[in-house]
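Since the structure comes first, as structure tokens, the remarks are kept for the end.
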Amino acid sequence: MTFILRDASPSDLPAITAIYEDCVLNGTASYELDPPDTVEMEARFAAICGKGYPYIAAEDPDGNLLGYAYASAFRTRPAYRWLVEDSIYLAPEARGRGIGKALLSELLTRCTSLGFRQMVAVIGGASPASIAVHETLGFRTTGRLEATGFKHGRWLDTVLMQLSLGDGATTDPDALAYPGTLYPG
């Protein structure tokens, strides 16, 4: 499957909303039970992009959105500002075609260049496919939270995976440069 990666834009939000709706209704990657509408997805998009986090899209040659990925704050406490959490969602027809790996790889490149030092994956439903994609790009499993979600009539585990970016923890970060400036002190 041929595709390109590019920055996501507000015009992508109807397709992003539809992809996410399918993931909420039919998958376990998200522990939401009710899919948010386009207005809510617009607010989420604006909040993520407004903080300078990357939000990217995969598009086929006909302009159809195949999937999207973004990085966002893992937690809002200031000491976490060097850590991002990745999120990747694919349209059903795009799964198993290398698009998720390409999106994650691009997200890693962008987050590293922005100065983030760690990325964490919070894998709902302990999805073997998601775990495998993260492992191929160097993530290691750092924890498993058992029976943390109840969806589709069953208990779901959550797997935590982590990857150091750039200098990781080998040097002190620059609080005067992004992402240090996310929380001015």
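For the structure tokens, the naming scheme is as follows: chains receive sequential letters (A, B, ...) according to their order of presentation, residues are indexed from 1 within each chain, and ligands are indexed from 1 in presentation order.
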
- Assign secondary structure with DSSP using the backbone only, and return the residues of chain A in strand (DSSP E) as a ChimeraX atom specification. /A:4-7,55-59,65-73,83-90,118-124,140-151,154-164

Neighbouring residues of Asp167 of chain A were defined as those with any atom within 7 Å, considering only C-alpha atoms; residues of the same chain fewer than 3 positions away were excluded. Please report them as a PyMOL selection string.
chain A and resi 117+170-171

Closest of A:Leu145, A:Pro92, A:Ile123, A:Leu160 to Asp22 of chain A - atom-to-atom distances counting only C-alpha atoms =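 Ranked by minimum distance to Asp22 of chain A, first place goes to A:Pro92.
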
For this session: Could you give me the residues within chain A that DSSP places in helix (DSSP H, G or I), as a VMD selection string?
Result: chain A and resid 10 to 26 38 to 50 78 to 80 92 to 94 99 to 114 128 to 136 180 to 182

For segment 149-152 of chain A, work out the shell of residues within 12 Å, counting only C-alpha atoms and skipping chain neighbours fewer than 2 positions away, then give it as a PDB file with all heavy atoms, in the first residue's frame.
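Produced file selection.pdb, reproduced below:
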```
ATOM      1  N   VAL A  24     -12.752   2.975  18.859  1.00  0.00           N
ATOM      2  CA  VAL A  24     -13.481   2.970  20.132  1.00  0.00           C
ATOM      3  C   VAL A  24     -14.540   1.871  20.131  1.00  0.00           C
ATOM      4  O   VAL A  24     -14.659   1.103  21.090  1.00  0.00           O
ATOM      5  CB  VAL A  24     -14.121   4.350  20.415  1.00  0.00           C
ATOM      6  CG1 VAL A  24     -15.108   4.276  21.574  1.00  0.00           C
ATOM      7  CG2 VAL A  24     -13.042   5.392  20.700  1.00  0.00           C
ATOM      8  N   LEU A  25     -15.312   1.783  19.054  1.00  0.00           N
ATOM      9  CA  LEU A  25     -16.424   0.834  19.013  1.00  0.00           C
ATOM     10  C   LEU A  25     -15.993  -0.622  18.839  1.00  0.00           C
ATOM     11  O   LEU A  25     -16.659  -1.521  19.345  1.00  0.00           O
ATOM     12  CB  LEU A  25     -17.385   1.212  17.886  1.00  0.00           C
ATOM     13  CG  LEU A  25     -18.145   2.526  18.070  1.00  0.00           C
ATOM     14  CD1 LEU A  25     -18.976   2.821  16.826  1.00  0.00           C
ATOM     15  CD2 LEU A  25     -19.007   2.493  19.320  1.00  0.00           C
ATOM     16  N   ASN A  26     -14.882  -0.848  18.147  1.00  0.00           N
ATOM     17  CA  ASN A  26     -14.516  -2.212  17.781  1.00  0.00           C
ATOM     18  C   ASN A  26     -13.187  -2.699  18.343  1.00  0.00           C
ATOM     19  O   ASN A  26     -12.869  -3.876  18.191  1.00  0.00           O
ATOM     20  CB  ASN A  26     -14.483  -2.342  16.255  1.00  0.00           C
ATOM     21  CG  ASN A  26     -15.824  -2.008  15.648  1.00  0.00           C
ATOM     22  OD1 ASN A  26     -16.838  -2.587  16.025  1.00  0.00           O
ATOM     23  ND2 ASN A  26     -15.841  -1.053  14.745  1.00  0.00           N
ATOM     24  N   GLY A  27     -12.410  -1.830  18.957  1.00  0.00           N
ATOM     25  CA  GLY A  27     -11.082  -2.218  19.424  1.00  0.00           C
ATOM     26  C   GLY A  27     -10.886  -1.995  20.904  1.00  0.00           C
ATOM     27  O   GLY A  27     -11.821  -1.642  21.642  1.00  0.00           O
ATOM     28  N   THR A  28      -9.657  -2.227  21.322  1.00  0.00           N
ATOM     29  CA  THR A  28      -9.306  -2.045  22.736  1.00  0.00           C
ATOM     30  C   THR A  28      -8.155  -1.062  22.931  1.00  0.00           C
ATOM     31  O   THR A  28      -7.682  -0.888  24.043  1.00  0.00           O
ATOM     32  CB  THR A  28      -8.932  -3.390  23.379  1.00  0.00           C
ATOM     33  OG1 THR A  28      -7.815  -3.945  22.682  1.00  0.00           O
ATOM     34  CG2 THR A  28     -10.102  -4.353  23.359  1.00  0.00           C
ATOM     35  N   ALA A  29      -7.678  -0.436  21.865  1.00  0.00           N
ATOM     36  CA  ALA A  29      -6.580   0.523  21.996  1.00  0.00           C
ATOM     37  C   ALA A  29      -6.998   1.707  22.856  1.00  0.00           C
ATOM     38  O   ALA A  29      -6.195   2.255  23.605  1.00  0.00           O
ATOM     39  CB  ALA A  29      -6.123   1.005  20.620  1.00  0.00           C
ATOM     40  N   SER A  30      -8.251   2.098  22.753  1.00  0.00           N
ATOM     41  CA  SER A  30      -8.795   3.181  23.573  1.00  0.00           C
ATOM     42  C   SER A  30      -9.771   2.575  24.580  1.00  0.00           C
ATOM     43  O   SER A  30     -10.563   1.704  24.234  1.00  0.00           O
ATOM     44  CB  SER A  30      -9.544   4.192  22.705  1.00  0.00           C
ATOM     45  OG  SER A  30     -10.257   5.102  23.530  1.00  0.00           O
ATOM     46  N   TYR A  31      -9.706   3.071  25.777  1.00  0.00           N
ATOM     47  CA  TYR A  31     -10.648   2.610  26.792  1.00  0.00           C
ATOM     48  C   TYR A  31     -11.892   3.494  26.850  1.00  0.00           C
ATOM     49  O   TYR A  31     -12.712   3.357  27.741  1.00  0.00           O
ATOM     50  CB  TYR A  31      -9.977   2.535  28.161  1.00  0.00           C
ATOM     51  CG  TYR A  31      -9.081   1.315  28.337  1.00  0.00           C
ATOM     52  CD1 TYR A  31      -8.781   0.446  27.298  1.00  0.00           C
ATOM     53  CD2 TYR A  31      -8.536   1.041  29.566  1.00  0.00           C
ATOM     54  CE1 TYR A  31      -7.967  -0.652  27.479  1.00  0.00           C
ATOM     55  CE2 TYR A  31      -7.712  -0.064  29.764  1.00  0.00           C
ATOM     56  CZ  TYR A  31      -7.426  -0.910  28.713  1.00  0.00           C
ATOM     57  OH  TYR A  31      -6.624  -1.995  28.909  1.00  0.00           O
ATOM     58  N   GLU A  32     -12.045   4.384  25.887  1.00  0.00           N
ATOM     59  CA  GLU A  32     -13.301   5.108  25.788  1.00  0.00           C
ATOM     60  C   GLU A  32     -14.371   4.125  25.331  1.00  0.00           C
ATOM     61  O   GLU A  32     -14.098   3.198  24.565  1.00  0.00           O
ATOM     62  CB  GLU A  32     -13.194   6.268  24.791  1.00  0.00           C
ATOM     63  CG  GLU A  32     -12.349   7.413  25.319  1.00  0.00           C
ATOM     64  CD  GLU A  32     -12.522   8.687  24.524  1.00  0.00           C
ATOM     65  OE1 GLU A  32     -13.547   9.364  24.740  1.00  0.00           O
ATOM     66  OE2 GLU A  32     -11.635   8.988  23.725  1.00  0.00           O
ATOM     67  N   LEU A  33     -15.596   4.351  25.797  1.00  0.00           N
ATOM     68  CA  LEU A  33     -16.710   3.486  25.419  1.00  0.00           C
ATOM     69  C   LEU A  33     -17.617   4.145  24.396  1.00  0.00           C
ATOM     70  O   LEU A  33     -18.261   3.465  23.600  1.00  0.00           O
ATOM     71  CB  LEU A  33     -17.512   3.088  26.662  1.00  0.00           C
ATOM     72  CG  LEU A  33     -16.724   2.341  27.743  1.00  0.00           C
ATOM     73  CD1 LEU A  33     -17.599   2.081  28.956  1.00  0.00           C
ATOM     74  CD2 LEU A  33     -16.123   1.059  27.200  1.00  0.00           C
ATOM     75  N   ASP A  34     -17.686   5.459  24.435  1.00  0.00           N
ATOM     76  CA  ASP A  34     -18.502   6.230  23.511  1.00  0.00           C
ATOM     77  C   ASP A  34     -17.591   7.100  22.663  1.00  0.00           C
ATOM     78  O   ASP A  34     -16.810   7.886  23.199  1.00  0.00           O
ATOM     79  CB  ASP A  34     -19.500   7.107  24.273  1.00  0.00           C
ATOM     80  CG  ASP A  34     -20.436   6.290  25.140  1.00  0.00           C
ATOM     81  OD1 ASP A  34     -21.001   5.304  24.620  1.00  0.00           O
ATOM     82  OD2 ASP A  34     -20.591   6.619  26.332  1.00  0.00           O
ATOM     83  N   ILE A 123      -0.419   0.684  26.071  1.00  0.00           N
ATOM     84  CA  ILE A 123      -1.084  -0.163  25.084  1.00  0.00           C
ATOM     85  C   ILE A 123      -2.313  -0.834  25.695  1.00  0.00           C
ATOM     86  O   ILE A 123      -2.214  -1.811  26.432  1.00  0.00           O
ATOM     87  CB  ILE A 123      -0.100  -1.193  24.508  1.00  0.00           C
ATOM     88  CG1 ILE A 123       1.065  -0.433  23.847  1.00  0.00           C
ATOM     89  CG2 ILE A 123      -0.802  -2.120  23.524  1.00  0.00           C
ATOM     90  CD1 ILE A 123       2.177  -1.296  23.345  1.00  0.00           C
ATOM     91  N   GLY A 124      -3.465  -0.251  25.380  1.00  0.00           N
ATOM     92  CA  GLY A 124      -4.727  -0.779  25.870  1.00  0.00           C
ATOM     93  C   GLY A 124      -5.024  -2.136  25.274  1.00  0.00           C
ATOM     94  O   GLY A 124      -4.753  -2.384  24.099  1.00  0.00           O
ATOM     95  N   GLY A 125      -5.544  -3.017  26.109  1.00  0.00           N
ATOM     96  CA  GLY A 125      -5.870  -4.356  25.657  1.00  0.00           C
ATOM     97  C   GLY A 125      -4.659  -5.232  25.426  1.00  0.00           C
ATOM     98  O   GLY A 125      -4.789  -6.345  24.928  1.00  0.00           O
ATOM     99  N   ALA A 126      -3.475  -4.720  25.768  1.00  0.00           N
ATOM    100  CA  ALA A 126      -2.220  -5.461  25.581  1.00  0.00           C
ATOM    101  C   ALA A 126      -2.145  -6.046  24.171  1.00  0.00           C
ATOM    102  O   ALA A 126      -1.760  -7.197  23.975  1.00  0.00           O
ATOM    103  CB  ALA A 126      -2.080  -6.540  26.655  1.00  0.00           C
ATOM    104  N   LEU A 145      -0.231  -3.705  33.596  1.00  0.00           N
ATOM    105  CA  LEU A 145      -1.280  -3.431  34.563  1.00  0.00           C
ATOM    106  C   LEU A 145      -2.433  -4.373  34.247  1.00  0.00           C
ATOM    107  O   LEU A 145      -3.047  -4.278  33.179  1.00  0.00           O
ATOM    108  CB  LEU A 145      -1.729  -1.973  34.466  1.00  0.00           C
ATOM    109  CG  LEU A 145      -0.611  -0.933  34.610  1.00  0.00           C
ATOM    110  CD1 LEU A 145      -1.125   0.455  34.272  1.00  0.00           C
ATOM    111  CD2 LEU A 145      -0.032  -0.975  36.006  1.00  0.00           C
ATOM    112  N   GLU A 146      -2.691  -5.287  35.142  1.00  0.00           N
ATOM    113  CA  GLU A 146      -3.681  -6.329  34.873  1.00  0.00           C
ATOM    114  C   GLU A 146      -5.108  -5.853  35.156  1.00  0.00           C
ATOM    115  O   GLU A 146      -5.355  -5.131  36.118  1.00  0.00           O
ATOM    116  CB  GLU A 146      -3.359  -7.561  35.716  1.00  0.00           C
ATOM    117  CG  GLU A 146      -2.017  -8.174  35.354  1.00  0.00           C
ATOM    118  CD  GLU A 146      -1.620  -9.328  36.243  1.00  0.00           C
ATOM    119  OE1 GLU A 146      -2.275  -9.552  37.290  1.00  0.00           O
ATOM    120  OE2 GLU A 146      -0.649 -10.014  35.887  1.00  0.00           O
ATOM    121  N   ALA A 147      -6.007  -6.279  34.291  1.00  0.00           N
ATOM    122  CA  ALA A 147      -7.442  -6.028  34.446  1.00  0.00           C
ATOM    123  C   ALA A 147      -7.742  -4.562  34.764  1.00  0.00           C
ATOM    124  O   ALA A 147      -8.485  -4.243  35.667  1.00  0.00           O
ATOM    125  CB  ALA A 147      -8.029  -6.950  35.515  1.00  0.00           C
ATOM    126  N   ARG A 154     -15.206  -7.908  28.706  1.00  0.00           N
ATOM    127  CA  ARG A 154     -14.056  -8.611  29.287  1.00  0.00           C
ATOM    128  C   ARG A 154     -13.069  -7.636  29.912  1.00  0.00           C
ATOM    129  O   ARG A 154     -13.031  -6.460  29.571  1.00  0.00           O
ATOM    130  CB  ARG A 154     -13.352  -9.470  28.238  1.00  0.00           C
ATOM    131  CG  ARG A 154     -12.786  -8.685  27.087  1.00  0.00           C
ATOM    132  CD  ARG A 154     -12.282  -9.631  25.980  1.00  0.00           C
ATOM    133  NE  ARG A 154     -11.940  -8.867  24.802  1.00  0.00           N
ATOM    134  CZ  ARG A 154     -10.706  -8.632  24.380  1.00  0.00           C
ATOM    135  NH1 ARG A 154      -9.681  -9.125  25.032  1.00  0.00           N
ATOM    136  NH2 ARG A 154     -10.496  -7.934  23.289  1.00  0.00           N
ATOM    137  N   TRP A 155     -12.281  -8.177  30.825  1.00  0.00           N
ATOM    138  CA  TRP A 155     -11.227  -7.399  31.461  1.00  0.00           C
ATOM    139  C   TRP A 155     -10.029  -7.322  30.525  1.00  0.00           C
ATOM    140  O   TRP A 155      -9.666  -8.302  29.876  1.00  0.00           O
ATOM    141  CB  TRP A 155     -10.799  -8.031  32.784  1.00  0.00           C
ATOM    142  CG  TRP A 155     -11.796  -7.805  33.864  1.00  0.00           C
ATOM    143  CD1 TRP A 155     -12.666  -8.715  34.385  1.00  0.00           C
ATOM    144  CD2 TRP A 155     -12.028  -6.583  34.554  1.00  0.00           C
ATOM    145  NE1 TRP A 155     -13.438  -8.137  35.355  1.00  0.00           N
ATOM    146  CE2 TRP A 155     -13.057  -6.809  35.480  1.00  0.00           C
ATOM    147  CE3 TRP A 155     -11.477  -5.303  34.487  1.00  0.00           C
ATOM    148  CZ2 TRP A 155     -13.544  -5.828  36.330  1.00  0.00           C
ATOM    149  CZ3 TRP A 155     -11.960  -4.318  35.326  1.00  0.00           C
ATOM    150  CH2 TRP A 155     -12.980  -4.581  36.228  1.00  0.00           C
ATOM    151  N   LEU A 156      -9.402  -6.163  30.483  1.00  0.00           N
ATOM    152  CA  LEU A 156      -8.263  -5.927  29.600  1.00  0.00           C
ATOM    153  C   LEU A 156      -7.038  -5.509  30.403  1.00  0.00           C
ATOM    154  O   LEU A 156      -7.146  -4.720  31.352  1.00  0.00           O
ATOM    155  CB  LEU A 156      -8.594  -4.813  28.604  1.00  0.00           C
ATOM    156  CG  LEU A 156      -9.800  -5.055  27.707  1.00  0.00           C
ATOM    157  CD1 LEU A 156     -10.175  -3.775  26.976  1.00  0.00           C
ATOM    158  CD2 LEU A 156      -9.528  -6.182  26.741  1.00  0.00           C
ATOM    159  N   ASP A 157      -5.902  -6.013  30.008  1.00  0.00           N
ATOM    160  CA  ASP A 157      -4.634  -5.581  30.583  1.00  0.00           C
ATOM    161  C   ASP A 157      -4.103  -4.390  29.786  1.00  0.00           C
ATOM    162  O   ASP A 157      -4.444  -4.210  28.609  1.00  0.00           O
ATOM    163  CB  ASP A 157      -3.588  -6.693  30.525  1.00  0.00           C
ATOM    164  CG  ASP A 157      -3.906  -7.866  31.442  1.00  0.00           C
ATOM    165  OD1 ASP A 157      -4.871  -7.779  32.225  1.00  0.00           O
ATOM    166  OD2 ASP A 157      -3.171  -8.869  31.364  1.00  0.00           O
ATOM    167  N   THR A 158      -3.253  -3.614  30.408  1.00  0.00           N
ATOM    168  CA  THR A 158      -2.572  -2.502  29.771  1.00  0.00           C
ATOM    169  C   THR A 158      -1.075  -2.756  29.874  1.00  0.00           C
ATOM    170  O   THR A 158      -0.576  -3.032  30.965  1.00  0.00           O
ATOM    171  CB  THR A 158      -2.916  -1.169  30.471  1.00  0.00           C
ATOM    172  OG1 THR A 158      -4.332  -0.987  30.437  1.00  0.00           O
ATOM    173  CG2 THR A 158      -2.227   0.004  29.800  1.00  0.00           C
ATOM    174  N   VAL A 159      -0.385  -2.677  28.759  1.00  0.00           N
ATOM    175  CA  VAL A 159       1.066  -2.861  28.743  1.00  0.00           C
ATOM    176  C   VAL A 159       1.731  -1.500  28.588  1.00  0.00           C
ATOM    177  O   VAL A 159       1.324  -0.691  27.754  1.00  0.00           O
ATOM    178  CB  VAL A 159       1.497  -3.810  27.605  1.00  0.00           C
ATOM    179  CG1 VAL A 159       3.008  -3.810  27.416  1.00  0.00           C
ATOM    180  CG2 VAL A 159       1.000  -5.217  27.892  1.00  0.00           C
TER     181      VAL A 159
END
```

**Test item: residues at most 7 Å from Ala8 of chain A, only C-alpha atoms, excluding those fewer than 6 positions along its chain, as a list in words** = Tyr55, Ile56 and Ala57 of chain A

Straight-line distance linking atom CA of Leu13 of chain A with atom CA of Gly67 of chain A, stated in Å to one decimal: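 About the pair atom CA of Leu13 of chain A and atom CA of Gly67 of chain A: they are 11.4 Å apart.
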
**Prompt:** So which residues touch segment 68-78 of chain A within 7 Å, counting only C-alpha atoms, skipping near sequence neighbours fewer than 4 positions away, as a ChimeraX atom specification?
**Reply:** /A:48,53-58,83-90,103,107,183

Between atom CA of Glu59 of chain A and atom CA of Met1 of chain A, what distance in Å does the model show, to one decimal?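 One can read the atom CA of Glu59 of chain A to atom CA of Met1 of chain A distance as 10.3 Å.
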
Residues at most 7 Å from segment 139-141 of chain A, counting only C-alpha atoms, excluding those fewer than 3 positions away in the same chain, as a compact mmCIF listing (two decimals) with N, CA and C atoms, in the first residue's frame?
```
# COMPACT_ATOMS: atom_id res chain seq x y z
N HIS A 134 5.94 -1.62 18.44
CA HIS A 134 6.80 -0.86 19.35
C HIS A 134 8.14 -1.57 19.57
N GLU A 135 8.10 -2.88 19.72
CA GLU A 135 9.35 -3.63 19.90
C GLU A 135 10.28 -3.49 18.70
N LEU A 160 2.74 -1.26 29.39
CA LEU A 160 3.54 -0.04 29.32
C LEU A 160 4.87 -0.37 28.65
N MET A 161 5.23 0.43 27.66
CA MET A 161 6.51 0.27 26.98
C MET A 161 7.19 1.63 26.95
N GLN A 162 8.53 1.62 26.86
CA GLN A 162 9.27 2.87 26.94
C GLN A 162 10.49 2.83 26.03
N LEU A 163 10.84 4.00 25.50
CA LEU A 163 12.03 4.16 24.68
C LEU A 163 12.69 5.49 25.02
```
